[in-house]
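Peer 1: This is entry.tsv, which holds TSV, C-alpha atoms:
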chain	number	residue	atom	x	y	z
X	1	MET	CA	-10.81	-79.48	58.77
X	2	LYS	CA	-8.22	-81.96	57.50
X	3	VAL	CA	-9.16	-84.86	55.23
X	4	LEU	CA	-7.06	-87.98	54.67
X	5	ILE	CA	-7.88	-90.02	51.57
X	6	LEU	CA	-6.89	-93.68	51.55
X	7	SER	CA	-6.52	-95.68	48.32
X	8	THR	CA	-4.62	-98.89	47.63
X	9	PHE	CA	-3.20	-97.45	44.42
X	10	GLN	CA	-2.57	-93.89	43.30
X	11	THR	CA	-2.99	-94.15	39.54
X	12	SER	CA	-3.59	-97.82	38.70
X	13	GLY	CA	-7.24	-98.51	37.91
X	14	GLY	CA	-10.40	-96.42	37.75
X	15	ALA	CA	-10.96	-96.24	41.52
X	16	ALA	CA	-7.43	-94.97	42.14
X	17	ILE	CA	-7.74	-92.36	39.38
X	18	ALA	CA	-11.05	-91.20	40.86
X	19	ALA	CA	-9.51	-90.88	44.35
X	20	THR	CA	-6.54	-88.91	43.01
X	21	ARG	CA	-8.83	-86.60	41.07
X	22	LEU	CA	-10.95	-86.03	44.15
X	23	ILE	CA	-8.00	-84.90	46.27
X	24	HIS	CA	-7.07	-82.38	43.57
X	25	ALA	CA	-10.67	-81.17	43.39
X	26	LEU	CA	-10.83	-80.76	47.17
X	27	GLN	CA	-7.54	-78.89	47.32
X	28	LYS	CA	-8.62	-76.53	44.51
X	29	ASN	CA	-11.76	-75.76	46.50
X	30	GLY	CA	-10.04	-74.89	49.77
X	31	VAL	CA	-10.08	-78.25	51.58
X	32	GLU	CA	-6.87	-79.32	53.31
X	33	ALA	CA	-6.53	-82.89	52.04
X	34	SER	CA	-3.74	-85.48	51.85
X	35	MET	CA	-3.50	-89.03	50.57
X	36	LEU	CA	-1.90	-92.31	51.61
X	37	CYS	CA	-1.53	-95.38	49.37
X	38	ARG	CA	-0.27	-98.91	49.95
X	39	LYS	CA	3.51	-99.31	49.84
X	40	ASN	CA	4.84	-101.32	46.89
X	41	ILE	CA	7.53	-104.00	46.68
X	42	SER	CA	10.54	-102.59	44.83
X	43	PHE	CA	12.17	-105.91	43.92
X	44	GLY	CA	11.29	-109.51	43.03
X	45	PRO	CA	9.31	-111.00	40.13
X	46	ALA	CA	7.62	-108.43	37.90
X	47	GLY	CA	4.20	-109.90	38.66
X	48	LEU	CA	4.60	-109.10	42.36
X	49	ARG	CA	6.06	-105.61	42.17
X	50	LYS	CA	2.67	-103.91	42.38
X	51	GLN	CA	1.78	-105.93	45.48
X	52	SER	CA	2.73	-105.39	49.12
X	53	TRP	CA	3.80	-108.16	51.50
X	54	THR	CA	0.41	-107.91	53.20
X	55	SER	CA	-1.29	-108.40	49.84
X	56	ILE	CA	0.81	-111.49	49.13
X	57	PHE	CA	-0.03	-112.97	52.56
X	58	GLU	CA	-3.73	-112.36	51.90
X	59	ARG	CA	-3.58	-113.92	48.42
X	60	ALA	CA	-1.83	-116.98	49.90
X	61	PHE	CA	-4.53	-117.31	52.58
X	62	ILE	CA	-7.31	-117.03	49.97
X	63	TRP	CA	-5.52	-119.54	47.73
X	64	MET	CA	-5.34	-122.09	50.54
X	65	CYS	CA	-8.98	-121.53	51.58
X	66	ASN	CA	-10.01	-122.11	47.96
X	67	GLY	CA	-8.38	-125.53	47.94
X	68	PHE	CA	-5.18	-124.22	46.32
X	69	SER	CA	-7.15	-122.97	43.31
X	70	THR	CA	-6.36	-119.67	41.59
X	71	ARG	CA	-9.97	-119.26	40.44
X	72	ASN	CA	-11.22	-115.79	41.47
X	73	LEU	CA	-7.94	-115.23	43.34
X	74	TRP	CA	-7.86	-111.53	42.42
X	75	ALA	CA	-11.63	-111.12	42.55
X	76	THR	CA	-11.71	-111.96	46.27
X	77	ASP	CA	-10.82	-109.65	49.16
X	78	ILE	CA	-11.20	-110.36	52.88
X	79	ALA	CA	-9.55	-107.27	54.47
X	80	LEU	CA	-7.83	-109.48	57.04
X	81	PHE	CA	-4.20	-108.50	56.33
X	82	GLY	CA	-3.20	-104.86	56.07
X	83	GLN	CA	-0.97	-101.98	57.05
X	84	ASP	CA	-1.11	-99.78	60.15
X	85	ILE	CA	-1.45	-96.13	59.14
X	86	THR	CA	-2.47	-94.85	62.59
X	87	HIS	CA	1.11	-93.88	63.47
X	88	THR	CA	1.39	-91.49	60.52
X	89	ARG	CA	1.17	-87.74	60.94
X	90	GLU	CA	-1.50	-87.55	58.24
X	91	TYR	CA	-3.79	-89.91	60.17
X	92	GLN	CA	-3.22	-88.28	63.55
X	93	GLU	CA	-3.96	-84.78	62.22
X	94	ALA	CA	-6.99	-85.73	60.11
X	95	ASN	CA	-10.56	-85.09	61.23
X	96	VAL	CA	-12.00	-87.09	58.33
X	97	ILE	CA	-10.72	-90.43	57.04
X	98	HIS	CA	-12.00	-90.94	53.51
X	99	LEU	CA	-11.64	-94.53	52.31
X	100	HIS	CA	-11.82	-95.44	48.64
X	101	TRP	CA	-10.80	-98.85	47.16
X	102	VAL	CA	-8.52	-100.07	49.98
X	103	ASN	CA	-8.31	-103.82	49.31
X	104	GLN	CA	-5.39	-106.13	48.48
X	105	GLY	CA	-3.56	-105.80	51.76
X	106	PHE	CA	-3.94	-102.11	52.55
X	107	ILE	CA	-6.68	-101.42	55.13
X	108	THR	CA	-8.32	-104.12	57.26
X	109	LEU	CA	-11.82	-104.12	58.72
X	110	ALA	CA	-10.19	-104.07	62.17
X	111	SER	CA	-8.29	-100.90	61.22
X	112	ILE	CA	-11.52	-99.20	60.21
X	113	GLN	CA	-13.00	-100.10	63.59
X	114	LYS	CA	-10.00	-98.45	65.26
X	115	MET	CA	-10.59	-95.30	63.19
X	116	LEU	CA	-14.13	-95.16	64.53
X	117	ASP	CA	-12.91	-95.83	68.08
X	118	ASP	CA	-10.43	-92.96	67.70
X	119	GLY	CA	-13.35	-90.63	67.01
X	120	LYS	CA	-12.53	-90.07	63.34
X	121	LYS	CA	-15.32	-89.31	60.92
X	122	VAL	CA	-15.17	-92.15	58.38
X	123	VAL	CA	-16.43	-91.68	54.82
X	124	TRP	CA	-16.20	-94.68	52.49
X	125	THR	CA	-16.64	-94.30	48.74
X	126	MET	CA	-17.75	-97.54	47.09
X	127	HIS	CA	-16.31	-98.18	43.64
X	128	ASP	CA	-17.96	-101.59	43.34
X	129	ALA	CA	-20.31	-103.80	45.36
X	130	TRP	CA	-17.68	-105.24	47.74
X	131	ASN	CA	-18.81	-103.18	50.74
X	132	ALA	CA	-22.33	-104.57	50.44
X	133	MET	CA	-21.21	-108.19	49.92
X	134	GLY	CA	-18.82	-110.56	51.63
X	135	ALA	CA	-15.51	-111.37	49.97
X	136	TYR	CA	-16.46	-110.73	46.35
X	137	HIS	CA	-16.65	-107.54	44.32
X	138	LEU	CA	-19.26	-108.50	41.72
X	139	LYS	CA	-22.51	-110.42	42.11
X	140	ILE	CA	-21.66	-112.37	38.97
X	141	GLN	CA	-18.59	-113.80	40.78
X	142	GLN	CA	-20.22	-114.38	44.18
X	143	LYS	CA	-20.51	-117.86	45.67
X	144	ASP	CA	-21.55	-119.04	49.11
X	145	ASP	CA	-18.25	-120.27	50.55
X	146	TYR	CA	-16.27	-119.91	53.77
X	147	LEU	CA	-14.52	-116.69	52.73
X	148	GLU	CA	-17.79	-115.07	51.67
X	149	ARG	CA	-19.61	-115.99	54.89
X	150	SER	CA	-16.77	-115.13	57.29
X	151	THR	CA	-16.01	-111.76	55.64
X	152	ARG	CA	-19.70	-110.88	55.64
X	153	LYS	CA	-19.92	-111.60	59.38
X	154	ARG	CA	-16.93	-109.36	60.12
X	155	LYS	CA	-18.46	-106.57	58.05
X	156	GLN	CA	-21.73	-106.99	59.90
X	157	ARG	CA	-19.94	-106.51	63.23
X	158	LEU	CA	-18.16	-103.42	61.89
X	159	TYR	CA	-21.28	-101.84	60.41
X	160	THR	CA	-23.60	-102.48	63.35
X	161	GLY	CA	-24.00	-99.23	65.22
X	162	SER	CA	-21.18	-97.58	63.24
X	163	ARG	CA	-21.14	-94.00	62.02
X	164	ILE	CA	-19.69	-94.78	58.60
X	165	GLN	CA	-20.95	-92.55	55.79
X	166	PHE	CA	-21.07	-94.64	52.61
X	167	VAL	CA	-20.91	-92.94	49.21
X	168	THR	CA	-21.47	-94.56	45.82
X	169	CYS	CA	-20.28	-93.07	42.55
X	170	SER	CA	-23.60	-93.79	40.83
X	171	ARG	CA	-27.26	-93.98	41.77
X	172	TRP	CA	-27.30	-97.47	40.27
X	173	LEU	CA	-24.69	-98.73	42.74
X	174	MET	CA	-26.47	-96.97	45.61
X	175	ASN	CA	-29.70	-98.81	44.79
X	176	GLU	CA	-27.80	-102.09	44.42
X	177	ALA	CA	-26.10	-101.59	47.79
X	178	LEU	CA	-29.35	-100.80	49.58
X	179	THR	CA	-30.77	-104.20	48.61
X	180	SER	CA	-28.10	-105.92	50.72
X	181	PRO	CA	-28.95	-106.95	54.31
X	182	LEU	CA	-25.51	-105.62	55.28
X	183	MET	CA	-26.54	-102.07	54.40
X	184	VAL	CA	-29.80	-101.99	56.35
X	185	GLY	CA	-29.80	-98.83	58.46
X	186	GLN	CA	-26.59	-97.50	56.89
X	187	ASN	CA	-26.13	-93.98	55.52
X	188	VAL	CA	-25.64	-94.22	51.74
X	189	VAL	CA	-25.62	-91.34	49.24
X	190	ALA	CA	-24.56	-91.04	45.60
X	191	ILE	CA	-21.86	-88.53	44.55
X	192	PRO	CA	-20.12	-88.88	41.16
X	193	ASN	CA	-16.39	-88.79	40.54
X	194	PRO	CA	-14.90	-85.44	39.47
X	195	ILE	CA	-12.90	-84.61	36.36
X	196	ASP	CA	-10.59	-81.72	35.47
X	197	THR	CA	-12.37	-80.09	32.54
X	198	ASP	CA	-9.37	-77.84	31.88
X	199	ILE	CA	-7.38	-80.93	30.88
X	200	PHE	CA	-10.15	-82.97	29.30
X	201	LYS	CA	-11.60	-80.53	26.79
X	202	PRO	CA	-12.60	-80.43	23.12
X	203	VAL	CA	-9.98	-79.81	20.43
X	204	PRO	CA	-10.99	-79.06	16.82
X	205	HIS	CA	-10.21	-81.92	14.45
X	206	ALA	CA	-11.21	-83.26	11.04
X	207	ASN	CA	-14.02	-85.81	11.08
X	208	ARG	CA	-12.32	-89.05	10.02
X	209	ARG	CA	-14.94	-91.49	11.41
X	210	ARG	CA	-12.60	-92.82	14.09
X	211	VAL	CA	-13.92	-94.75	17.09
X	212	LEU	CA	-11.94	-95.31	20.32
X	213	PHE	CA	-12.13	-98.07	22.94
X	214	VAL	CA	-10.13	-97.85	26.19
X	215	ALA	CA	-9.71	-100.33	29.06
X	216	GLN	CA	-6.92	-101.00	31.54
X	217	PHE	CA	-6.98	-104.67	30.52
X	218	VAL	CA	-8.36	-105.02	27.00
X	219	ASN	CA	-8.63	-108.81	27.26
X	220	ASN	CA	-10.73	-108.72	30.44
X	221	PRO	CA	-13.96	-110.42	29.31
X	222	MET	CA	-16.01	-108.04	31.50
X	223	LYS	CA	-14.90	-105.17	29.21
X	224	GLY	CA	-16.88	-106.73	26.35
X	225	MET	CA	-14.23	-106.65	23.63
X	226	GLU	CA	-15.87	-109.60	21.87
X	227	TYR	CA	-19.04	-107.53	21.38
X	228	LEU	CA	-17.07	-104.63	19.94
X	229	ASP	CA	-15.28	-106.99	17.56
X	230	GLU	CA	-18.63	-108.40	16.45
X	231	ALA	CA	-20.03	-104.88	15.97
X	232	ALA	CA	-16.95	-103.93	13.93
X	233	LYS	CA	-17.46	-106.99	11.72
X	234	ILE	CA	-21.10	-106.04	11.14
X	235	ILE	CA	-20.00	-102.55	10.09
X	236	ASN	CA	-17.08	-103.76	7.96
X	237	ASP	CA	-19.25	-106.36	6.19
X	238	ASN	CA	-21.36	-103.44	4.99
X	239	VAL	CA	-18.52	-101.03	4.33
X	240	THR	CA	-20.00	-99.93	0.97
X	241	GLU	CA	-23.24	-98.91	2.63
X	242	PHE	CA	-21.74	-97.33	5.75
X	243	GLY	CA	-18.36	-96.16	4.53
X	244	HIS	CA	-15.02	-96.91	6.19
X	245	ILE	CA	-14.84	-96.67	9.99
X	246	GLU	CA	-11.60	-96.98	11.95
X	247	ILE	CA	-11.93	-98.58	15.39
X	248	LEU	CA	-8.94	-98.08	17.71
X	249	ALA	CA	-8.45	-100.11	20.89
X	250	LEU	CA	-5.98	-98.59	23.34
X	251	GLY	CA	-3.67	-101.36	24.51
X	252	ARG	CA	-4.24	-103.46	21.39
X	253	ASP	CA	-4.13	-101.30	18.25
X	254	ILE	CA	-2.24	-98.41	19.84
X	255	PRO	CA	0.16	-98.49	22.82
X	256	TYR	CA	-1.12	-97.76	26.32
X	257	ILE	CA	-0.84	-94.06	27.22
X	258	SER	CA	0.02	-92.99	30.77
X	259	ASP	CA	0.25	-89.24	30.24
X	260	THR	CA	-3.07	-87.56	31.13
X	261	HIS	CA	-2.72	-84.67	28.67
X	262	GLU	CA	-1.83	-87.02	25.82
X	263	MET	CA	-4.82	-89.19	26.71
X	264	ALA	CA	-7.09	-86.15	26.64
X	265	ARG	CA	-5.81	-85.27	23.18
X	266	LEU	CA	-6.58	-88.80	21.99
X	267	TYR	CA	-10.18	-88.60	23.25
X	268	ALA	CA	-10.59	-85.25	21.53
X	269	SER	CA	-9.15	-86.53	18.23
X	270	VAL	CA	-11.77	-89.25	17.66
X	271	ASP	CA	-15.39	-88.95	16.60
X	272	ALA	CA	-16.92	-91.48	19.00
X	273	PHE	CA	-16.02	-93.47	22.10
X	274	VAL	CA	-17.41	-96.95	22.76
X	275	LEU	CA	-17.37	-98.94	26.01
X	276	PRO	CA	-19.12	-102.34	25.67
X	277	SER	CA	-18.54	-103.32	29.33
X	278	LEU	CA	-20.75	-105.98	30.87
X	279	SER	CA	-20.56	-104.40	34.34
X	280	GLU	CA	-19.71	-100.79	35.20
X	281	ASN	CA	-20.23	-98.33	38.02
X	282	LEU	CA	-19.48	-94.82	36.72
X	283	PRO	CA	-16.65	-95.33	34.21
X	284	ASN	CA	-13.98	-92.64	34.10
X	285	THR	CA	-13.39	-93.34	30.41
X	286	ILE	CA	-16.90	-92.26	29.38
X	287	MET	CA	-16.60	-89.15	31.54
X	288	GLU	CA	-13.21	-88.32	30.00
X	289	ALA	CA	-14.48	-88.77	26.45
X	290	MET	CA	-17.61	-86.68	27.07
X	291	ALA	CA	-15.53	-83.92	28.66
X	292	CYS	CA	-13.57	-83.81	25.40
X	293	GLY	CA	-16.82	-83.37	23.48
X	294	THR	CA	-16.79	-86.93	22.14
X	295	PRO	CA	-20.17	-88.73	22.01
X	296	CYS	CA	-20.22	-92.16	23.65
X	297	VAL	CA	-21.78	-95.56	23.00
X	298	GLY	CA	-22.24	-98.20	25.69
X	299	PHE	CA	-24.55	-100.93	26.89
X	300	HIS	CA	-27.54	-100.05	29.07
X	301	ILE	CA	-25.90	-101.40	32.23
X	302	GLY	CA	-24.84	-100.16	35.68
X	303	GLY	CA	-24.22	-96.43	35.96
X	304	ILE	CA	-23.70	-95.88	32.22
X	305	PRO	CA	-27.33	-94.70	31.65
X	306	GLU	CA	-26.70	-91.94	34.20
X	307	MET	CA	-23.92	-90.61	31.96
X	308	ILE	CA	-25.12	-91.23	28.42
X	309	ASP	CA	-28.44	-89.57	27.59
X	310	HIS	CA	-29.75	-91.76	24.77
X	311	LEU	CA	-29.68	-89.98	21.39
X	312	GLU	CA	-28.74	-86.71	23.13
X	313	ASN	CA	-25.02	-87.11	23.82
X	314	GLY	CA	-24.54	-90.70	22.72
X	315	TYR	CA	-26.26	-94.05	22.34
X	316	LEU	CA	-27.33	-96.73	24.87
X	317	ALA	CA	-27.27	-100.15	23.22
X	318	ASN	CA	-29.24	-103.17	24.35
X	319	TYR	CA	-27.20	-105.32	26.75
X	320	LYS	CA	-24.87	-107.78	25.00
X	321	ASP	CA	-26.38	-106.88	21.63
X	322	SER	CA	-23.60	-106.47	19.06
X	323	GLN	CA	-26.08	-105.54	16.34
X	324	ASP	CA	-27.44	-102.66	18.42
X	325	LEU	CA	-23.90	-101.67	19.42
X	326	ALA	CA	-23.04	-101.36	15.73
X	327	LYS	CA	-26.22	-99.35	15.22
X	328	GLY	CA	-25.18	-97.02	18.06
X	329	ILE	CA	-21.72	-96.45	16.62
X	330	LEU	CA	-23.22	-95.60	13.24
X	331	TYR	CA	-25.82	-93.32	14.81
X	332	VAL	CA	-23.17	-91.30	16.65
X	333	LEU	CA	-20.96	-91.05	13.57
X	334	ASP	CA	-23.68	-90.38	11.02
X	335	GLU	CA	-26.12	-88.30	13.06
X	336	ALA	CA	-26.94	-85.29	10.90
X	337	ASN	CA	-26.09	-82.94	13.76
X	338	HIS	CA	-22.95	-84.57	15.11
X	339	GLU	CA	-21.91	-81.19	16.48
X	340	ARG	CA	-25.01	-81.18	18.69
X	341	LEU	CA	-24.06	-84.54	20.21
X	342	CYS	CA	-20.53	-83.27	20.91
X	343	LYS	CA	-21.78	-80.09	22.57
X	344	SER	CA	-24.31	-81.99	24.69
X	345	ALA	CA	-21.63	-84.42	25.88
X	346	ARG	CA	-19.42	-81.59	27.12
X	347	GLU	CA	-22.34	-79.77	28.76
X	348	LYS	CA	-23.37	-82.90	30.68
X	349	VAL	CA	-19.90	-83.21	32.22
X	350	MET	CA	-19.68	-79.52	33.10
X	351	LYS	CA	-23.04	-79.69	34.86
X	352	CYS	CA	-22.66	-82.98	36.75
X	353	TYR	CA	-18.98	-83.90	37.13
X	354	SER	CA	-16.96	-80.70	37.45
X	355	GLU	CA	-14.42	-80.52	40.27
X	356	LYS	CA	-16.29	-77.69	41.97
X	357	SER	CA	-19.64	-79.48	41.92
X	358	VAL	CA	-18.26	-82.75	43.34
X	359	ALA	CA	-16.00	-81.07	45.92
X	360	GLU	CA	-18.94	-79.07	47.29
X	361	GLN	CA	-21.01	-82.22	47.74
X	362	TYR	CA	-18.22	-84.00	49.60
X	363	LEU	CA	-17.61	-80.96	51.77
X	364	GLN	CA	-21.22	-81.19	52.93
X	365	ILE	CA	-20.66	-84.86	53.79
X	366	TYR	CA	-17.50	-84.05	55.76
X	367	GLN	CA	-19.39	-81.38	57.69
X	368	GLY	CA	-22.20	-83.77	58.54
X	369	VAL	CA	-24.79	-82.16	56.30
X	370	LYS	CA	-27.27	-84.73	54.98
X	371	ILE	CA	-27.65	-84.70	51.20
X	372	SER	CA	-30.08	-86.64	49.04
As structure tokens, how would this structure be written, given the file I've shared?

Peer 2:
Amino acid sequence: MKVLILSTFQTSGGAAIAATRLIHALQKNGVEASMLCRKNISFGPAGLRKQSWTSIFERAFIWMCNGFSTRNLWATDIALFGQDITHTREYQEANVIHLHWVNQGFITLASIQKMLDDGKKVVWTMHDAWNAMGAYHLKIQQKDDYLERSTRKRKQRLYTGSRIQFVTCSRWLMNEALTSPLMVGQNVVAIPNPIDTDIFKPVPHANRRRVLFVAQFVNNPMKGMEYLDEAAKIINDNVTEFGHIEILALGRDIPYISDTHEMARLYASVDAFVLPSLSENLPNTIMEAMACGTPCVGFHIGGIPEMIDHLENGYLANYKDSQDLAKGILYVLDEANHERLCKSAREKVMKCYSEKSVAEQYLQIYQGVKIS
């Protein structure tokens, strides 16, 4: 069996990181797997260098359809413009085509139909709700416009009678997807992303009451930085009572780190990790921190409650509640048995997200074995 994984990006963004980690997990567990990503522009304005020509054409089409407005320009995908991968050796030799996040001018809905017509087994891992919606990725951004309706109709034609196996990274997203009329009668299962626990592992360090926040784009309002700032102010206004706490935001207080091993060392060097996101599937950052034995704090939203066991390996704060977020940070730092929280965090990852565990579940999917 040969598996071809498709992802728009290789390392940029959580979905791309998850896809790259999966191919390594599969290869370590005896699966012959390869990966294709969208080709990048190597010249031109810096803002375009991560885009392909097909992505630029699609953005221009969306821009015109939106009345020449840039609102939601990068939150909208129609899978109408893309690249032909069917001529590649990897595609021709593969038995299984495993799609991940393939938007922004990489794989079109028409291309996926051709994969099915060619007799390929198609597995599609959902990293957000786009598969179950029309043109938008998040329900909070969705509006009933031409692009939404037309993309939804094309998806309906593709899904009807298809043999696509959909996979979500969290049970939360699976349940969300199954509420969509588009997913009626579709095969949907939940399998988490894997992580290399030999890289992300605990390292002994002195307890200095340091808290870490990580996001690809710190200023993205969906990452909830304003709530973390408010929580920090609550803590700092009571510094005599609570003692000094240092909150580090990667990309704001400290430079962005691209090296995986260095990032793992950073997770392992802090005493708590906080992710105040307003919408999340199964965030890699929480998984990485927990693998390093670092307790986590996050809002009770999306797939986060599947990762953080409240008061066992971290703290689940009330949604958009800065006061409770501050309470969670203090609980994790001041819990009498902080060592217990750290140990529980690592054990949760080893049990649920190890490369071997995730690879075995996907292998069953590739072989046509139904899992629940």

Peer 1: Out of X:Ile199, X:Cys65, X:Cys37, X:Leu6, which residue has the shortest atom-to-atom distance to Glu262 of chain X when counting only C-alpha atoms?

Peer 2: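 Checking each candidate against Glu262 of chain X, we get X:Ile199 as the closest.
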
Peer 1: For Val203 of chain X, which of X:Tyr267, X:Tyr256, X:Trp63, X:Trp172 is the closest residue, counting all atoms listed in the file?

Peer 2: X:Tyr267

Peer 1: May I ask for the distance between atom CA of Cys292 of chain X and atom CA of Lys343 of chain X, given in Å to one decimal place?

Peer 2: 9.4 Å

Peer 1: Name the closest residue to Lys223 of chain X among the candidates X:Leu109, X:Ala264, X:Val274, X:Val188; distances are taken between atoms, counting all atoms listed in the file.

Peer 2: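 Comparing X:Leu109, X:Ala264, X:Val274, X:Val188 against Lys223 of chain X, the winner is X:Val274.
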
Peer 1: Find the spatial neighbours of Ala291 of chain X, counting all atoms listed in the file, within a cut-off of 6 Å - ignore same-chain residues fewer than 4 positions away - and output them as an NGL selection string.

Peer 2: :X and (200-201 or 346 or 349)

Peer 1: Just give me the gap between atom CA of Gly30 of chain X and atom CA of Val358 of chain X in Å, one decimal is fine.

Peer 2: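 Value for the atom CA of Gly30 of chain X-atom CA of Val358 of chain X distance: 13.1 Å.
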
Peer 1: Go through X:Lys348, X:His244, X:Lys155, X:Arg163 and flag the residue nearest Gly293 of chain X, using all atoms listed in the file for the distances.

Peer 2: X:Lys348

Peer 1: At a cut-off of 7 Å from (-11.3, -84.4, 56.9) in the coordinates of the file, what residues are picked up using all atoms listed in the file, written as a list in words?

Peer 2: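 All residues meeting the 7 Å criterion around (-11.3, -84.4, 56.9) are Met1, Lys2, Val3, Leu4, Ala33, Ala94, Asn95, Val96, Ile97 and Tyr366 of chain X.
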
Peer 1: Could you jot down the atom CA of Gln364 of chain X to atom CA of Lys28 of chain X separation for me, Å, one decimal place?

Peer 2: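 These two atoms are separated by 15.9 Å.
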
Peer 1: Would you kindly return, as a VMD selection string, each protein, DNA or RNA residue with an atom no farther than 9 Å from any atom of Trp124 of chain X, considering all atoms listed in the file and excluding same-chain residues fewer than 4 positions away?

Peer 2: chain X and resid 97 to 101 164 to 168

Peer 1: Do you know which residues are at most 9 Å from Ala75 of chain X counting only C-alpha atoms, after dropping those on the same chain fewer than 5 positions away, and could you put them as a list of chain:residue names?

Peer 2: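 These residues fall inside the cut-off: X:Ala135, X:Tyr136, X:His137, X:Leu138, X:Gln141.
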
Peer 1: Of the candidates X:Met126, X:Met133, X:Met290, X:Ile23, which shows the shortest atom-to-atom distance to Thr76 of chain X, using only C-alpha atoms?

Peer 2: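 Nearest candidate to Thr76 of chain X out of X:Met126, X:Met133, X:Met290, X:Ile23: X:Met133.
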
Peer 1: Find, counting only C-alpha atoms, the residue in X:Glu148, X:Asp237, X:Asp84, X:Asp309 that gets nearest to Val297 of chain X.

Peer 2: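 Under the stated criterion, the closest residue is X:Asp309.
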
Peer 1: Quick one: residues within 7 Å of (-22.1, -90.2, 46.7) (file frame), counting all atoms listed in the file, please, as a list in words.

Peer 2: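 Residues close enough to count: Val167, Thr168, Cys169, Val189, Ala190, Ile191 and Pro192 of chain X.
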
Peer 1: Give me the segment 154-256 of chain X side of the contact with segment 311-325 of chain X, cut-off 12 Å, one line per residue showing its nearest atom pair and distance in Å at one decimal, counting all atoms listed in the file, sorted by chain and residue number, as JSON lines.

Peer 2:
{"residue": "X:Met222", "atom": "CA", "partner": "X:Lys320", "partner_atom": "CA", "distance": 11.0}
{"residue": "X:Lys223", "atom": "CA", "partner": "X:Lys320", "partner_atom": "CA", "distance": 11.1}
{"residue": "X:Gly224", "atom": "CA", "partner": "X:Lys320", "partner_atom": "CA", "distance": 8.2}
{"residue": "X:Met225", "atom": "CA", "partner": "X:Ser322", "partner_atom": "CA", "distance": 10.4}
{"residue": "X:Glu226", "atom": "CA", "partner": "X:Ser322", "partner_atom": "CA", "distance": 8.8}
{"residue": "X:Tyr227", "atom": "CA", "partner": "X:Ser322", "partner_atom": "CA", "distance": 5.2}
{"residue": "X:Leu228", "atom": "CA", "partner": "X:Ser322", "partner_atom": "CA", "distance": 6.8}
{"residue": "X:Asp229", "atom": "CA", "partner": "X:Ser322", "partner_atom": "CA", "distance": 8.5}
{"residue": "X:Glu230", "atom": "CA", "partner": "X:Ser322", "partner_atom": "CA", "distance": 5.9}
{"residue": "X:Ala231", "atom": "CA", "partner": "X:Ser322", "partner_atom": "CA", "distance": 5.0}
{"residue": "X:Ala232", "atom": "CA", "partner": "X:Ser322", "partner_atom": "CA", "distance": 8.8}
{"residue": "X:Lys233", "atom": "CA", "partner": "X:Ser322", "partner_atom": "CA", "distance": 9.6}
{"residue": "X:Ile234", "atom": "CA", "partner": "X:Gln323", "partner_atom": "CA", "distance": 7.2}
{"residue": "X:Ile235", "atom": "CA", "partner": "X:Gln323", "partner_atom": "CA", "distance": 9.2}

Peer 1: Show me, as an NGL selection string, the residues that have an atom within 8 Å of Ala19 of chain X when counting all atoms listed in the file, minus same-chain residues fewer than 3 positions from it.

Peer 2: :X and (5 or 7 or 10 or 15-16 or 22-23 or 100)
